[in-house]
$ cat work-v4.cif   # mmCIF, C-alpha atoms
data_structure
loop_
_atom_site.label_atom_id
_atom_site.label_comp_id
_atom_site.auth_asym_id
_atom_site.auth_seq_id
_atom_site.Cartn_x
_atom_site.Cartn_y
_atom_site.Cartn_z
CA MET A 1 0.00 0.00 0.00
CA GLN A 2 1.42 3.39 -1.00
CA THR A 3 2.16 5.82 1.83
CA ASP A 4 0.07 9.00 1.89
CA ARG A 5 2.85 11.58 2.02
CA THR A 6 0.44 14.33 3.06
CA ARG A 7 -0.23 12.34 6.26
CA ASP A 8 3.22 10.78 6.63
CA PRO A 9 5.74 13.11 4.96
CA GLY A 10 8.76 11.14 6.18
CA LYS A 11 11.69 12.14 8.35
CA ARG A 12 13.50 14.33 5.81
CA LEU A 13 10.49 16.60 5.18
CA LEU A 14 9.69 16.70 8.89
CA ALA A 15 13.27 17.80 9.49
CA ALA A 16 12.99 20.49 6.81
CA ALA A 17 9.73 21.76 8.31
CA GLN A 18 11.34 22.59 11.65
CA TYR A 19 13.53 25.25 10.01
CA VAL A 20 10.59 27.17 8.52
CA ARG A 21 9.95 30.16 10.76
CA ALA A 22 6.62 30.55 12.52
CA GLY A 23 4.29 32.88 10.66
CA ALA A 24 6.30 32.62 7.43
CA VAL A 25 4.98 33.00 3.92
CA PHE A 26 6.38 29.76 2.58
CA ALA A 27 7.26 28.47 -0.89
CA ASP A 28 8.02 24.84 -1.68
CA VAL A 29 9.93 24.58 -4.97
CA GLY A 30 9.57 21.17 -6.61
CA THR A 31 6.62 20.44 -4.35
CA ASP A 32 5.57 17.14 -5.94
CA HIS A 33 2.53 16.15 -3.80
CA ALA A 34 2.57 19.35 -1.66
CA ALA A 35 3.32 17.28 1.45
CA LEU A 36 5.52 19.97 3.04
CA PRO A 37 3.14 22.96 2.58
CA ILE A 38 0.23 20.83 3.79
CA LEU A 39 2.19 19.77 6.89
CA LEU A 40 3.15 23.37 7.69
CA CYS A 41 -0.37 24.70 7.27
CA ARG A 42 -1.96 21.84 9.20
CA THR A 43 0.30 22.49 12.17
CA GLY A 44 -0.30 26.25 12.00
CA ARG A 45 3.37 27.03 11.51
CA VAL A 46 2.60 29.06 8.38
CA GLN A 47 -0.56 30.85 7.35
CA LYS A 48 0.09 30.89 3.60
CA ALA A 49 2.15 28.77 1.26
CA TYR A 50 2.93 28.32 -2.43
CA ALA A 51 3.31 24.81 -3.84
CA CYS A 52 5.51 25.16 -6.94
CA ASP A 53 6.41 22.68 -9.65
CA ILE A 54 7.63 22.85 -13.23
CA ALA A 55 5.52 19.88 -14.36
CA ARG A 56 1.74 19.89 -14.70
CA ALA A 57 1.11 16.31 -13.57
CA PRO A 58 2.65 16.60 -10.07
CA LEU A 59 1.13 20.05 -9.68
CA GLU A 60 -2.32 18.63 -10.39
CA ALA A 61 -1.65 15.91 -7.81
CA ALA A 62 -0.61 18.66 -5.38
CA ARG A 63 -3.80 20.60 -6.13
CA ARG A 64 -5.96 17.56 -5.38
CA ASN A 65 -4.11 16.92 -2.12
CA ILE A 66 -4.48 20.55 -1.09
CA GLU A 67 -8.23 20.47 -1.76
CA ARG A 68 -8.58 17.12 0.02
CA ALA A 69 -6.84 18.64 3.06
CA GLY A 70 -9.23 21.60 3.06
CA LEU A 71 -6.37 24.06 2.53
CA ALA A 72 -7.25 25.54 -0.88
CA GLY A 73 -7.57 28.97 0.71
CA ARG A 74 -4.09 28.86 2.23
CA ILE A 75 -1.90 26.95 -0.26
CA VAL A 76 -1.59 28.27 -3.82
CA PRO A 77 -0.34 25.83 -6.50
CA LEU A 78 2.00 27.52 -8.99
CA LEU A 79 3.29 26.16 -12.29
CA CYS A 80 6.78 27.66 -12.46
CA ASP A 81 10.43 26.92 -13.15
CA GLY A 82 12.25 27.19 -9.84
CA PHE A 83 11.54 30.49 -8.13
CA SER A 84 10.14 32.21 -11.21
CA GLY A 85 6.72 33.68 -10.47
CA LEU A 86 7.37 34.02 -6.74
CA GLU A 87 8.93 37.49 -6.77
CA GLY A 88 6.68 40.11 -5.19
CA LEU A 89 4.53 37.58 -3.33
CA GLY A 90 6.09 38.26 0.07
CA VAL A 91 7.82 34.91 0.44
CA THR A 92 9.96 34.82 3.60
CA ASP A 93 11.00 31.15 3.70
CA ALA A 94 11.48 28.70 0.84
CA ALA A 95 12.44 25.04 0.51
CA VAL A 96 14.11 23.08 -2.27
CA CYS A 97 14.11 19.44 -1.19
CA GLY A 98 15.04 16.51 -3.39
CA MET A 99 16.90 18.16 -6.25
CA GLY A 100 20.58 17.95 -7.11
CA GLY A 101 22.90 20.49 -5.53
CA GLU A 102 23.98 21.94 -8.87
CA LEU A 103 20.39 22.47 -10.05
CA THR A 104 19.47 23.97 -6.68
CA ALA A 105 22.35 26.44 -7.00
CA ARG A 106 21.25 27.38 -10.52
CA LEU A 107 17.69 28.06 -9.38
CA ILE A 108 18.90 30.25 -6.51
CA GLY A 109 21.28 32.15 -8.78
CA ALA A 110 18.44 32.87 -11.20
CA ALA A 111 16.31 34.49 -8.48
CA PRO A 112 17.96 37.72 -7.22
CA PHE A 113 14.98 38.51 -4.98
CA LEU A 114 16.05 35.70 -2.62
CA ALA A 115 19.09 37.78 -1.68
CA ARG A 116 17.34 41.14 -1.78
CA ASP A 117 14.45 39.99 0.43
CA ARG A 118 16.67 37.90 2.75
CA VAL A 119 14.56 34.79 2.15
CA ARG A 120 15.48 31.87 4.39
CA LEU A 121 16.41 28.85 2.26
CA ILE A 122 15.86 25.30 3.51
CA LEU A 123 17.76 23.04 1.13
CA GLN A 124 18.04 19.26 0.93
CA PRO A 125 20.33 18.40 -1.99
CA MET A 126 20.20 14.81 -3.21
CA THR A 127 23.65 15.13 -4.79
CA ARG A 128 26.61 17.55 -4.88
CA ALA A 129 26.08 19.17 -1.48
CA ARG A 130 29.71 20.33 -1.63
CA PHE A 131 28.97 22.27 -4.84
CA LEU A 132 25.89 23.86 -3.27
CA ARG A 133 27.77 24.96 -0.15
CA SER A 134 30.53 26.48 -2.27
CA PHE A 135 27.99 28.37 -4.37
CA LEU A 136 26.12 29.73 -1.36
CA LEU A 137 29.24 30.95 0.42
CA SER A 138 30.69 32.60 -2.69
CA ALA A 139 27.34 34.26 -3.51
CA GLY A 140 27.02 35.97 -0.12
CA PHE A 141 24.72 33.49 1.64
CA SER A 142 25.47 32.46 5.21
CA ILE A 143 24.95 28.82 6.16
CA GLU A 144 23.00 29.17 9.40
CA GLU A 145 22.35 25.52 10.17
CA GLU A 146 23.04 22.05 8.86
CA GLU A 147 21.69 18.66 9.78
CA LEU A 148 22.37 15.04 8.88
CA LEU A 149 19.51 12.59 9.08
CA SER A 150 18.58 9.12 7.92
CA ASP A 151 15.28 8.14 6.34
CA ALA A 152 14.43 4.74 4.86
CA GLY A 153 18.07 3.67 5.05
CA ARG A 154 19.48 6.70 3.23
CA GLN A 155 21.44 9.61 4.67
CA TYR A 156 20.34 13.14 3.79
CA GLU A 157 21.90 16.56 4.29
CA LEU A 158 19.92 19.67 5.20
CA ILE A 159 21.37 23.15 4.67
CA VAL A 160 19.69 26.33 5.95
CA ALA A 161 20.97 29.60 4.49
CA SER A 162 20.09 33.26 4.05
CA TYR A 163 21.76 36.18 2.34
CA THR A 164 24.12 38.44 4.29
CA GLY A 165 26.26 39.81 1.46
CA LYS A 166 29.43 38.47 3.06
CA THR A 167 31.39 35.78 1.29
CA GLU A 168 33.17 32.98 3.14
CA GLU A 169 35.91 30.51 2.29
CA TRP A 170 35.81 27.02 3.73
CA SER A 171 38.36 24.27 3.27
CA GLU A 172 37.56 21.46 0.84
CA ALA A 173 36.92 19.11 3.74
CA GLU A 174 34.51 21.59 5.36
CA LEU A 175 32.65 21.96 2.07
CA TYR A 176 32.28 18.19 1.82
CA LEU A 177 31.13 17.71 5.43
CA GLY A 178 29.61 21.04 6.48
CA LYS A 179 31.01 23.11 9.34
CA LYS A 180 27.90 22.77 11.50
CA ASN A 181 27.93 19.00 11.02
CA VAL A 182 31.59 18.86 12.02
CA ALA A 183 30.91 20.91 15.15
CA ARG A 184 28.07 18.56 16.11
CA GLY A 185 30.07 15.40 15.41
CA GLY A 186 28.59 12.02 16.20
CA GLU A 187 27.84 8.86 14.28
CA ALA A 188 26.07 10.69 11.44
CA LEU A 189 29.21 12.72 10.70
CA ALA A 190 31.37 9.59 10.75
CA ARG A 191 29.02 7.96 8.25
CA LEU A 192 29.07 10.99 5.95
CA ALA A 193 32.87 11.18 6.14
CA ALA A 194 33.19 7.52 5.19
CA ARG A 195 31.00 8.08 2.13
CA ARG A 196 32.97 11.15 1.09
CA VAL A 197 36.32 9.39 1.51
CA ALA A 198 35.11 6.43 -0.58
CA HIS A 199 33.98 8.80 -3.34
CA LEU A 200 37.25 10.72 -3.33
CA LYS A 201 39.34 7.54 -3.35
CA ASN A 202 37.55 6.46 -6.51
CA LEU A 203 38.18 9.91 -7.96
CA ALA A 204 41.87 9.79 -7.08
CA ASN A 205 42.28 6.45 -8.86
CA GLY A 206 41.74 8.21 -12.16
CA GLN A 207 43.95 11.20 -11.39
CA THR A 208 47.65 11.94 -11.60
CA GLY A 209 50.13 14.56 -10.39
CA ALA A 210 48.94 17.69 -8.58
CA GLU A 211 45.29 16.83 -9.08
CA LYS A 212 45.72 13.48 -7.33
CA GLU A 213 47.73 15.09 -4.52
CA LYS A 214 44.98 17.65 -3.95
CA THR A 215 42.32 14.94 -3.70
CA GLU A 216 44.45 12.89 -1.31
CA GLU A 217 44.99 15.98 0.86
CA THR A 218 41.22 16.52 1.00
CA ILE A 219 40.81 12.89 2.11
CA ARG A 220 43.33 13.48 4.92
CA GLN A 221 41.49 16.64 6.01
CA ILE A 222 38.12 14.86 6.03
CA ARG A 223 39.54 12.05 8.17
CA ALA A 224 41.05 14.56 10.58
CA LEU A 225 37.78 16.48 10.96
CA ALA A 226 35.78 13.27 11.42
CA ALA A 227 38.26 11.58 13.79
CA PRO A 228 36.60 12.85 17.02
CA ALA A 229 33.22 11.60 15.76
CA GLU A 230 34.66 8.20 14.86
CA ARG A 231 36.07 7.79 18.39
CA LYS A 232 32.67 8.34 20.02
#

$ encode --input "work-v4.cif" --output "structure tokens"
Amino acid sequence: MQTDRTRDPGKRLLAAAQYVRAGAVFADVGTDHAALPILLCRTGRVQKAYACDIARAPLEAARRNIERAGLAGRIVPLLCDGFSGLEGLGVTDAAVCGMGGELTARLIGAAPFLARDRVRLILQPMTRARFLRSFLLSAGFSIEEEELLSDAGRQYELIVASYTGKTEEWSEAELYLGKKNVARGGEALARLAARRVAHLKNLANGQTGAEKEKTEETIRQIRALAAPAERK
């Protein structure tokens, strides 16, 4: 029997929901079945939300779920590419959960109002979290919080960011692991570090010279940052 995601959104969406500020005007980009906006409106955390998707079929499914939940007056389905169509609607908090890190970065970069309006971004990249962190920091966004969580046997990374106008430089190892995750430590960090090291080892096998040395140095840095977590 298929799980009703509007009733049981799963651990990763529940984790994302906790970073949406109370009273926010919320936008969920790539909403799929609108599980996150429905959860936030049902709990009273937000009073208004936009459920956004680029494809008509999932947006129609979202519309039906919104109507079934009795929230048609509070959640607006929007057919849009990324954040297009959201400017000027007073959005204060926005989520992009389940897309690749590179695509997420592209969507943020194409929406200058996110920086201008200091919109809080709740991001859950499925791939290339290191790329997304690097983009955010170089574009003037501050990473306010990070979290590692497991759901259905898979580890996910959550990144919460907002624009400050100040750029930051992190080491390669910090970009791969996340500074907040490193500070928190624990088993989840050790697991993430092991995955990153395995990936980089495979990468190094096809490299030579300075490129290989750089990758091997990043592996050493990751192990050093994760060592306290591994000892716990």

$ resolve_selection --input "work-v4.cif" --expression "the PyMOL selection byres ((chain A and resi 16) around 10)" --output "VMD selection string"
chain A and resid 11 to 15 17 to 20 36 95 to 97 122 to 124 147 158 to 160

$ closest_residue --input "work-v4.cif" --among "A:Leu136, A:Arg196, A:Phe113, A:Ala204" --to "A:Glu169" --atoms "only C-alpha atoms"
A:Leu136

$ residues_around --input "work-v4.cif" --residues "stretch 205-216 of chain A" --least-positions-apart "6" --cutoff "10 Å" --atoms "only C-alpha atoms" --output "ChimeraX atom specification"
/A:172,197,222

$ resolve_selection --input "work-v4.cif" --expression "the PyMOL selection byres ((chain A and resi 226) around 10)" --output "count of residues only"
25

$ atom_distance --input "work-v4.cif" --atom1 "atom CA of A:Pro125" --atom2 "atom CA of A:Gly100"
5.1 Å

$ resolve_selection --input "work-v4.cif" --expression "the PyMOL selection byres ((chain A and resi 46) around 12)" --output "ChimeraX atom specification"
/A:17-27,36-45,47-50,71,74-75,91-94

$ closest_residue --input "work-v4.cif" --among "A:Ala51, A:Leu149, A:Thr218, A:Thr6" --to "A:Leu86" --atoms "all atoms listed in the file"
A:Ala51

$ atom_distance --input "work-v4.cif" --atom1 "atom CA of A:Leu148" --atom2 "atom CA of A:Thr127"
13.7 Å

$ closest_residue --input "work-v4.cif" --among "A:Glu168, A:Arg63, A:Val29, A:Ala69" --to "A:Ile108" --atoms "all atoms listed in the file"
A:Val29

$ residues_around --input "work-v4.cif" --residues "A:Pro58" --least-positions-apart "4" --cutoff "7 Å" --atoms "all atoms listed in the file" --output "ChimeraX atom specification"
/A:32-33,62

$ closest_residue --input "work-v4.cif" --among "A:Ala111, A:Ile66, A:Lys201, A:Ser142" --to "A:Lys180" --atoms "all atoms listed in the file"
A:Ser142

$ residues_around --input "work-v4.cif" --residues "stretch 54-56 of chain A" --least-positions-apart "3" --cutoff "9 Å" --atoms "all atoms listed in the file" --output "list in words"
Val29, Gly30, Asp32, Leu59, Glu60, Ala61, Leu78, Leu79, Cys80, Asp81 and Gly82 of chain A

$ residues_around --input "work-v4.cif" --residues "A:Gly140" --least-positions-apart "5" --cutoff "6 Å" --atoms "all atoms listed in the file" --output "PyMOL selection string"
chain A and resi 163-167

$ closest_residue --input "work-v4.cif" --among "A:Leu175, A:Arg154, A:Asp117, A:Gly90" --to "A:Ser134" --atoms "all atoms listed in the file"
A:Leu175

$ residues_around --input "work-v4.cif" --residues "A:Phe135" --least-positions-apart "3" --cutoff "12 Å" --atoms "only C-alpha atoms" --output "list in words"
Gly101, Glu102, Leu103, Thr104, Ala105, Arg106, Leu107, Ile108, Gly109, Arg128, Ala129, Arg130, Phe131, Leu132, Ser138, Ala139, Gly140, Phe141, Ser142, Ile143, Ala161, Thr167, Glu168, Glu169, Trp170 and Leu175 of chain A

$ atom_distance --input "work-v4.cif" --atom1 "atom CA of A:Glu87" --atom2 "atom CA of A:Thr31"
17.4 Å

$ closest_residue --input "work-v4.cif" --among "A:Ala188, A:Ile219, A:Ala34, A:Glu174" --to "A:Asn202" --atoms "all atoms listed in the file"
A:Ile219

$ decode --input "work-v4.cif" --residues "stretch 144-178 of chain A" --atoms "C-alpha atoms" --output "PDB file, in the first residue's frame"
ATOM      1  CA  GLU A 144      22.998  29.168   9.397  1.00  0.00           C
ATOM      2  CA  GLU A 145      22.346  25.523  10.173  1.00  0.00           C
ATOM      3  CA  GLU A 146      23.040  22.049   8.860  1.00  0.00           C
ATOM      4  CA  GLU A 147      21.688  18.659   9.780  1.00  0.00           C
ATOM      5  CA  LEU A 148      22.366  15.044   8.883  1.00  0.00           C
ATOM      6  CA  LEU A 149      19.505  12.587   9.078  1.00  0.00           C
ATOM      7  CA  SER A 150      18.583   9.116   7.922  1.00  0.00           C
ATOM      8  CA  ASP A 151      15.280   8.141   6.338  1.00  0.00           C
ATOM      9  CA  ALA A 152      14.426   4.742   4.861  1.00  0.00           C
ATOM     10  CA  GLY A 153      18.066   3.668   5.047  1.00  0.00           C
ATOM     11  CA  ARG A 154      19.484   6.696   3.229  1.00  0.00           C
ATOM     12  CA  GLN A 155      21.437   9.609   4.672  1.00  0.00           C
ATOM     13  CA  TYR A 156      20.336  13.140   3.788  1.00  0.00           C
ATOM     14  CA  GLU A 157      21.902  16.565   4.287  1.00  0.00           C
ATOM     15  CA  LEU A 158      19.916  19.667   5.196  1.00  0.00           C
ATOM     16  CA  ILE A 159      21.367  23.147   4.673  1.00  0.00           C
ATOM     17  CA  VAL A 160      19.690  26.327   5.953  1.00  0.00           C
ATOM     18  CA  ALA A 161      20.966  29.596   4.492  1.00  0.00           C
ATOM     19  CA  SER A 162      20.094  33.256   4.051  1.00  0.00           C
ATOM     20  CA  TYR A 163      21.763  36.177   2.340  1.00  0.00           C
ATOM     21  CA  THR A 164      24.124  38.438   4.290  1.00  0.00           C
ATOM     22  CA  GLY A 165      26.262  39.811   1.462  1.00  0.00           C
ATOM     23  CA  LYS A 166      29.431  38.470   3.064  1.00  0.00           C
ATOM     24  CA  THR A 167      31.386  35.777   1.287  1.00  0.00           C
ATOM     25  CA  GLU A 168      33.166  32.979   3.138  1.00  0.00           C
ATOM     26  CA  GLU A 169      35.913  30.514   2.289  1.00  0.00           C
ATOM     27  CA  TRP A 170      35.807  27.020   3.726  1.00  0.00           C
ATOM     28  CA  SER A 171      38.359  24.267   3.268  1.00  0.00           C
ATOM     29  CA  GLU A 172      37.560  21.463   0.837  1.00  0.00           C
ATOM     30  CA  ALA A 173      36.918  19.113   3.739  1.00  0.00           C
ATOM     31  CA  GLU A 174      34.506  21.592   5.356  1.00  0.00           C
ATOM     32  CA  LEU A 175      32.646  21.963   2.070  1.00  0.00           C
ATOM     33  CA  TYR A 176      32.281  18.192   1.823  1.00  0.00           C
ATOM     34  CA  LEU A 177      31.133  17.711   5.429  1.00  0.00           C
ATOM     35  CA  GLY A 178      29.606  21.038   6.480  1.00  0.00           C
TER      36      GLY A 178
END
